[in-house]
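As provided, final06.cif (mmCIF, C-alpha atoms, pLDDT in the B column; chains and numbers go by the auth columns) reads as follows.
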data_my_file
loop_
_atom_site.group_PDB
_atom_site.id
_atom_site.type_symbol
_atom_site.label_atom_id
_atom_site.label_comp_id
_atom_site.label_asym_id
_atom_site.label_seq_id
_atom_site.Cartn_x
_atom_site.Cartn_y
_atom_site.Cartn_z
_atom_site.B_iso_or_equiv
_atom_site.auth_seq_id
_atom_site.auth_asym_id
ATOM 1 C CA MET A 1 105.141 104.489 114.482 67.00 288 A
ATOM 2 C CA VAL A 2 104.443 105.534 110.922 84.00 289 A
ATOM 3 C CA PHE A 3 105.521 103.108 108.226 90.00 290 A
ATOM 4 C CA LYS A 4 104.659 101.719 104.816 93.00 291 A
ATOM 5 C CA LEU A 5 104.828 98.139 103.578 94.00 292 A
ATOM 6 C CA GLU A 6 105.688 97.258 99.987 96.00 293 A
ATOM 7 C CA ILE A 7 105.755 93.780 98.448 96.00 294 A
ATOM 8 C CA SER A 8 107.214 92.258 95.288 95.00 295 A
ATOM 9 C CA ARG A 9 107.322 88.937 93.479 93.00 296 A
ATOM 10 C CA ASP A 10 110.637 89.626 91.706 93.00 297 A
ATOM 11 C CA ASN A 11 112.516 91.762 94.286 90.00 298 A
ATOM 12 C CA SER A 12 112.753 94.663 91.839 92.00 299 A
ATOM 13 C CA THR A 13 109.262 96.112 91.339 95.00 300 A
ATOM 14 C CA PHE A 14 107.578 96.855 94.673 95.00 301 A
ATOM 15 C CA PHE A 15 103.944 97.793 95.291 96.00 302 A
ATOM 16 C CA GLU A 16 102.633 99.481 98.420 96.00 303 A
ATOM 17 C CA VAL A 17 99.873 97.577 100.223 96.00 304 A
ATOM 18 C CA ASP A 18 96.927 98.955 102.167 96.00 305 A
ATOM 19 C CA LEU A 19 97.277 98.798 105.941 94.00 306 A
ATOM 20 C CA PHE A 20 94.740 99.162 108.715 93.00 307 A
ATOM 21 C CA PRO A 21 94.464 102.694 110.205 91.00 308 A
ATOM 22 C CA ASN A 22 97.179 103.392 112.783 87.00 309 A
ATOM 23 C CA PRO A 23 99.055 100.129 112.148 86.00 310 A
ATOM 24 C CA GLN A 24 101.415 98.725 114.758 81.00 311 A
ATOM 25 C CA LEU A 25 104.647 96.994 113.829 77.00 312 A
ATOM 26 C CA GLU A 26 105.339 94.438 116.519 74.00 313 A
ATOM 27 C CA TYR A 27 108.619 92.645 116.041 68.00 314 A
ATOM 28 C CA ASN A 28 111.134 90.274 117.562 62.00 315 A
ATOM 29 C CA VAL A 29 114.822 91.011 117.428 58.00 316 A
ATOM 30 C CA ASP A 30 117.376 88.303 118.228 56.00 317 A
ATOM 31 C CA PHE A 31 121.015 89.112 118.889 55.00 318 A
ATOM 32 C CA TYR A 32 123.489 86.569 117.550 54.00 319 A
ATOM 33 C CA ASP A 33 126.855 86.986 119.214 52.00 320 A
ATOM 34 C CA SER A 34 130.080 86.506 117.321 51.00 321 A
ATOM 35 C CA LEU A 35 133.771 86.636 118.074 53.00 322 A
ATOM 36 C CA GLU A 36 134.004 89.591 115.723 54.00 323 A
ATOM 37 C CA PRO A 37 131.868 92.564 116.851 49.00 324 A
ATOM 38 C CA GLY A 38 131.539 93.746 113.244 51.00 325 A
ATOM 39 C CA LYS A 39 129.635 90.568 112.380 51.00 326 A
ATOM 40 C CA ILE A 40 126.878 90.804 115.004 49.00 327 A
ATOM 41 C CA ARG A 41 123.514 90.644 113.271 52.00 328 A
ATOM 42 C CA LEU A 42 120.085 91.737 114.412 55.00 329 A
ATOM 43 C CA PRO A 43 117.529 89.441 112.757 67.00 330 A
ATOM 44 C CA PHE A 44 114.032 90.879 112.514 71.00 331 A
ATOM 45 C CA SER A 45 110.782 88.946 112.402 79.00 332 A
ATOM 46 C CA SER A 46 107.170 90.007 112.766 84.00 333 A
ATOM 47 C CA SER A 47 103.624 89.002 112.055 88.00 334 A
ATOM 48 C CA MET A 48 101.007 91.390 110.787 92.00 335 A
ATOM 49 C CA LYS A 49 97.377 91.544 109.784 94.00 336 A
ATOM 50 C CA ILE A 50 96.751 93.350 106.493 95.00 337 A
ATOM 51 C CA PRO A 51 93.222 94.357 105.409 95.00 338 A
ATOM 52 C CA MET A 52 91.643 92.321 102.619 95.00 339 A
ATOM 53 C CA THR A 53 91.022 95.286 100.349 94.00 340 A
ATOM 54 C CA THR A 54 90.436 95.117 96.613 94.00 341 A
ATOM 55 C CA LEU A 55 93.899 96.612 96.082 96.00 342 A
ATOM 56 C CA ASN A 56 95.606 94.027 98.321 95.00 343 A
ATOM 57 C CA MET A 57 93.868 91.113 96.564 94.00 344 A
ATOM 58 C CA SER A 58 94.793 92.453 93.094 94.00 345 A
ATOM 59 C CA ALA A 59 97.243 90.758 90.723 92.00 346 A
ATOM 60 C CA SER A 60 100.071 93.183 91.542 92.00 347 A
ATOM 61 C CA ARG A 61 99.809 92.469 95.285 95.00 348 A
ATOM 62 C CA PHE A 62 98.714 89.084 96.701 95.00 349 A
ATOM 63 C CA ASN A 63 96.819 87.950 93.582 94.00 350 A
ATOM 64 C CA TYR A 64 94.291 85.920 95.587 94.00 351 A
ATOM 65 C CA ASN A 65 90.675 86.366 96.626 92.00 352 A
ATOM 66 C CA PRO A 66 89.402 83.526 98.858 91.00 353 A
ATOM 67 C CA LEU A 67 85.801 84.297 97.912 89.00 354 A
ATOM 68 C CA VAL A 68 86.279 83.472 94.216 92.00 355 A
ATOM 69 C CA ASP A 69 89.684 81.772 93.756 93.00 356 A
ATOM 70 C CA THR A 70 90.312 78.084 94.288 92.00 357 A
ATOM 71 C CA GLN A 71 92.541 76.806 97.066 90.00 358 A
ATOM 72 C CA ASP A 72 95.354 75.850 94.686 91.00 359 A
ATOM 73 C CA LEU A 73 95.864 79.564 93.831 92.00 360 A
ATOM 74 C CA PHE A 74 96.678 80.423 97.480 94.00 361 A
ATOM 75 C CA PRO A 75 100.041 82.295 97.531 92.00 362 A
ATOM 76 C CA LYS A 76 102.418 79.607 98.847 93.00 363 A
ATOM 77 C CA ASP A 77 105.705 81.116 97.672 93.00 364 A
ATOM 78 C CA PRO A 78 107.318 83.849 99.742 93.00 365 A
ATOM 79 C CA LEU A 79 107.093 87.438 98.533 95.00 366 A
ATOM 80 C CA PHE A 80 109.795 90.040 99.034 94.00 367 A
ATOM 81 C CA PHE A 81 108.973 92.947 101.324 94.00 368 A
ATOM 82 C CA LYS A 82 110.288 96.398 102.183 93.00 369 A
ATOM 83 C CA ILE A 83 109.182 98.291 105.259 90.00 370 A
ATOM 84 C CA THR A 84 110.037 101.969 105.495 89.00 371 A
ATOM 85 C CA VAL A 85 109.695 103.366 109.015 85.00 372 A
ATOM 86 C CA PHE A 86 109.401 107.150 108.928 86.00 373 A
ATOM 87 C CA GLY A 87 110.981 109.270 111.625 82.00 374 A
ATOM 88 C CA SER A 88 113.822 111.751 112.060 78.00 375 A
ATOM 89 C CA SER A 89 115.584 109.436 109.612 81.00 376 A
ATOM 90 C CA ASN A 90 113.922 106.688 107.599 83.00 377 A
ATOM 91 C CA VAL A 91 114.694 103.070 108.516 79.00 378 A
ATOM 92 C CA ASN A 92 114.317 100.360 105.882 84.00 379 A
ATOM 93 C CA LEU A 93 113.783 96.673 106.605 84.00 380 A
ATOM 94 C CA GLU A 94 113.785 94.036 103.850 88.00 381 A
ATOM 95 C CA GLY A 95 113.136 90.322 103.710 89.00 382 A
ATOM 96 C CA LEU A 96 110.593 87.647 102.878 91.00 383 A
ATOM 97 C CA LEU A 97 106.851 87.733 103.507 94.00 384 A
ATOM 98 C CA ASN A 98 104.854 84.501 103.869 94.00 385 A
ATOM 99 C CA VAL A 99 101.058 84.473 103.768 96.00 386 A
ATOM 100 C CA GLN A 100 99.640 82.396 106.633 96.00 387 A
ATOM 101 C CA ALA A 101 95.890 82.815 106.122 94.00 388 A
ATOM 102 C CA PHE A 102 93.076 84.869 104.645 94.00 389 A
ATOM 103 C CA GLU A 103 90.460 85.549 107.334 93.00 390 A
ATOM 104 C CA TYR A 104 87.304 86.622 105.549 90.00 391 A
ATOM 105 C CA LEU A 105 84.591 85.539 108.007 88.00 392 A
ATOM 106 C CA SER A 106 85.085 88.496 110.328 87.00 393 A
ATOM 107 C CA ASP A 107 83.857 92.073 110.585 90.00 394 A
ATOM 108 C CA GLU A 108 87.175 93.277 109.146 92.00 395 A
ATOM 109 C CA PRO A 109 88.580 90.613 106.786 93.00 396 A
ATOM 110 C CA TYR A 110 92.387 90.426 106.840 95.00 397 A
ATOM 111 C CA ILE A 111 95.441 88.641 105.481 95.00 398 A
ATOM 112 C CA ASP A 112 97.685 87.156 108.161 95.00 399 A
ATOM 113 C CA VAL A 113 101.379 87.335 107.159 95.00 400 A
ATOM 114 C CA ASN A 114 104.808 86.633 108.645 92.00 401 A
ATOM 115 C CA LEU A 115 107.748 88.893 107.867 90.00 402 A
ATOM 116 C CA ASP A 116 111.330 87.616 108.217 85.00 403 A
ATOM 117 C CA ASP A 117 114.427 89.548 107.264 82.00 404 A
ATOM 118 C CA TYR A 118 117.039 87.724 105.202 74.00 405 A
ATOM 119 C CA VAL A 119 119.236 86.936 108.217 66.00 406 A
ATOM 120 C CA SER A 120 116.295 85.428 110.152 61.00 407 A
ATOM 121 C CA LYS A 121 115.310 83.313 107.153 62.00 408 A
ATOM 122 C CA TYR A 122 118.871 82.105 106.652 62.00 409 A
ATOM 123 C CA ILE A 123 119.356 81.241 110.331 62.00 410 A
ATOM 124 C CA SER A 124 116.028 79.392 110.566 63.00 411 A
ATOM 125 C CA LYS A 125 116.987 77.293 107.511 64.00 412 A
ATOM 126 C CA LEU A 126 120.477 76.754 108.910 63.00 413 A
ATOM 127 C CA LYS A 127 119.112 75.428 112.241 65.00 414 A
ATOM 128 C CA ASP A 128 117.599 72.435 110.413 67.00 415 A
ATOM 129 C CA THR A 129 120.675 71.772 108.269 68.00 416 A
ATOM 130 C CA THR A 130 123.315 69.189 109.117 69.00 417 A
ATOM 131 C CA ILE A 131 126.977 69.543 108.230 65.00 418 A
ATOM 132 C CA ALA A 132 126.515 66.685 105.722 66.00 419 A
ATOM 133 C CA ASP A 133 123.804 68.720 103.981 66.00 420 A
ATOM 134 C CA VAL A 134 126.201 71.645 103.639 59.00 421 A
ATOM 135 C CA TYR A 135 129.035 69.512 102.239 61.00 422 A
ATOM 136 C CA ASN A 136 126.733 67.750 99.784 63.00 423 A
ATOM 137 C CA ALA A 137 124.804 70.863 98.705 60.00 424 A
ATOM 138 C CA ASP A 138 125.010 72.261 95.217 58.00 425 A
ATOM 139 C CA THR A 139 124.191 75.848 94.301 55.00 426 A
ATOM 140 C CA SER A 140 120.628 74.966 93.290 56.00 427 A
ATOM 141 C CA SER A 141 119.820 73.763 96.839 54.00 428 A
ATOM 142 C CA TYR A 142 119.469 77.255 98.255 51.00 429 A
ATOM 143 C CA GLY A 143 117.424 80.267 97.177 48.00 430 A
ATOM 144 C CA THR A 144 119.121 83.170 95.452 44.00 431 A
ATOM 145 C CA TYR A 145 119.097 85.257 98.640 44.00 432 A
ATOM 146 C CA TYR A 146 121.640 82.792 100.103 46.00 433 A
ATOM 147 C CA ARG A 147 124.043 83.155 97.181 48.00 434 A
ATOM 148 C CA GLN A 148 124.124 86.894 96.674 50.00 435 A
ATOM 149 C CA ASP A 149 125.280 89.854 98.694 53.00 436 A
ATOM 150 C CA ASN A 150 122.466 91.668 100.465 52.00 437 A
ATOM 151 C CA ASP A 151 122.515 94.848 102.480 55.00 438 A
ATOM 152 C CA PHE A 152 120.783 94.431 105.807 52.00 439 A
ATOM 153 C CA VAL A 153 119.363 97.727 106.977 50.00 440 A
#
As structure tokens, what does this structure read like?
Amino acid sequence: MVFKLEISRDNSTFFEVDLFPNPQLEYNVDFYDSLEPGKIRLPFSSSMKIPMTTLNMSASRFNYNPLVDTQDLFPKDPLFFKITVFGSSNVNLEGLLNVQAFEYLSDEPYIDVNLDDYVSKYISKLKDTTIADVYNADTSSYGTYYRQDNDFV
């Protein structure tokens, strides 16, 4: 599978990141049934190891170097991602990327990340929400990706 990964802090300007040679995209797909077939969703989630290259640690990408930056600069907030899978037709996946760890004490240092599409992120948040939370919620309680229309590719 040939693909590229791009990340963004603002969901408008995306930057391609370096990947290991011959990267594999392993993913989980969960089917959520509905009474209306048109509303069946296919949430996507994956984890990936990305090489700790100079480009990937730069300010436009992850903006963190564990060898020189302090722990409080670790990227805690989710980043937006786009994956383009190339084939007879291109497939695009979009969602949120969370950095899990920077592994720099290995032969090939890497950044361990989780990738969740918007539906997966929404459902995982919804699992921990009670009906009282929903009734008492105001619009500031949820991230902007819960309040706006998104195309799920």
Given the PyMOL selection byres ((chain A and resi 353) around 12), the residues it picks as a PDB file with C-alpha atoms, keeping the file's coordinate frame:
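Final file, selection14.pdb:
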ATOM      1  CA  MET A 339      91.643  92.321 102.619  1.00 95.00           C
ATOM      2  CA  THR A 340      91.022  95.286 100.349  1.00 94.00           C
ATOM      3  CA  THR A 341      90.436  95.117  96.613  1.00 94.00           C
ATOM      4  CA  MET A 344      93.868  91.113  96.564  1.00 94.00           C
ATOM      5  CA  SER A 345      94.793  92.453  93.094  1.00 94.00           C
ATOM      6  CA  PHE A 349      98.714  89.084  96.701  1.00 95.00           C
ATOM      7  CA  ASN A 350      96.819  87.950  93.582  1.00 94.00           C
ATOM      8  CA  TYR A 351      94.291  85.920  95.587  1.00 94.00           C
ATOM      9  CA  ASN A 352      90.675  86.366  96.626  1.00 92.00           C
ATOM     10  CA  LEU A 354      85.801  84.297  97.912  1.00 89.00           C
ATOM     11  CA  VAL A 355      86.279  83.472  94.216  1.00 92.00           C
ATOM     12  CA  ASP A 356      89.684  81.772  93.756  1.00 93.00           C
ATOM     13  CA  THR A 357      90.312  78.084  94.288  1.00 92.00           C
ATOM     14  CA  GLN A 358      92.541  76.806  97.066  1.00 90.00           C
ATOM     15  CA  ASP A 359      95.354  75.850  94.686  1.00 91.00           C
ATOM     16  CA  LEU A 360      95.864  79.564  93.831  1.00 92.00           C
ATOM     17  CA  PHE A 361      96.678  80.423  97.480  1.00 94.00           C
ATOM     18  CA  PRO A 362     100.041  82.295  97.531  1.00 92.00           C
ATOM     19  CA  ALA A 388      95.890  82.815 106.122  1.00 94.00           C
ATOM     20  CA  PHE A 389      93.076  84.869 104.645  1.00 94.00           C
ATOM     21  CA  GLU A 390      90.460  85.549 107.334  1.00 93.00           C
ATOM     22  CA  TYR A 391      87.304  86.622 105.549  1.00 90.00           C
ATOM     23  CA  LEU A 392      84.591  85.539 108.007  1.00 88.00           C
ATOM     24  CA  PRO A 396      88.580  90.613 106.786  1.00 93.00           C
ATOM     25  CA  TYR A 397      92.387  90.426 106.840  1.00 95.00           C
ATOM     26  CA  ILE A 398      95.441  88.641 105.481  1.00 95.00           C
TER      27      ILE A 398
END
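The set of residues that the PyMOL selection byres ((chain A and resi 337) around 8) takes from this file is Asp305, Leu306, Phe307, Met335, Lys336, Pro338, Met339, Tyr397, Ile398, Asp399 and Val400 of chain A.
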Practice prompt. I need the residue set behind the PyMOL selection byres ((chain A and resi 301) around 9) for this file; please write it as a list in words.
Written response: Glu293, Ile294, Ser295, Arg296, Asp297, Asn298, Ser299, Thr300, Phe302, Glu303, Ser347, Arg348, Phe367, Phe368 and Lys369 of chain A
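For the residues A:Phe331, A:Tyr405, A:Phe290, A:Phe373, ranking by smallest atom-to-atom distance to Gln311 of chain A using only C-alpha atoms places A:Phe290 first.
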Item to complete: Find the spatial neighbours of Asn401 of chain A, counting all atoms listed in the file, within a cut-off of 8 Å - ignore same-chain residues fewer than 3 positions away - and output them as JSON, numbers by chain.
Response: {"A": [332, 333, 334, 335, 384, 385, 386, 387]}
Practice prompt. Quote the spacing between atom CA of Lys363 of chain A and atom CA of Leu402 of chain A in Å to one decimal place.
Written response: 14.0 Å
Worksheet entry | Point-to-point distance from atom CA of Ser393 of chain A to atom CA of Lys291 of chain A, Å rounded to tenths | 24.3 Å
Discussion item. Can you measure atom CA of Val378 of chain A to atom CA of Asp364 of chain A for me? One decimal in Å is fine.
Written reply: 26.1 Å
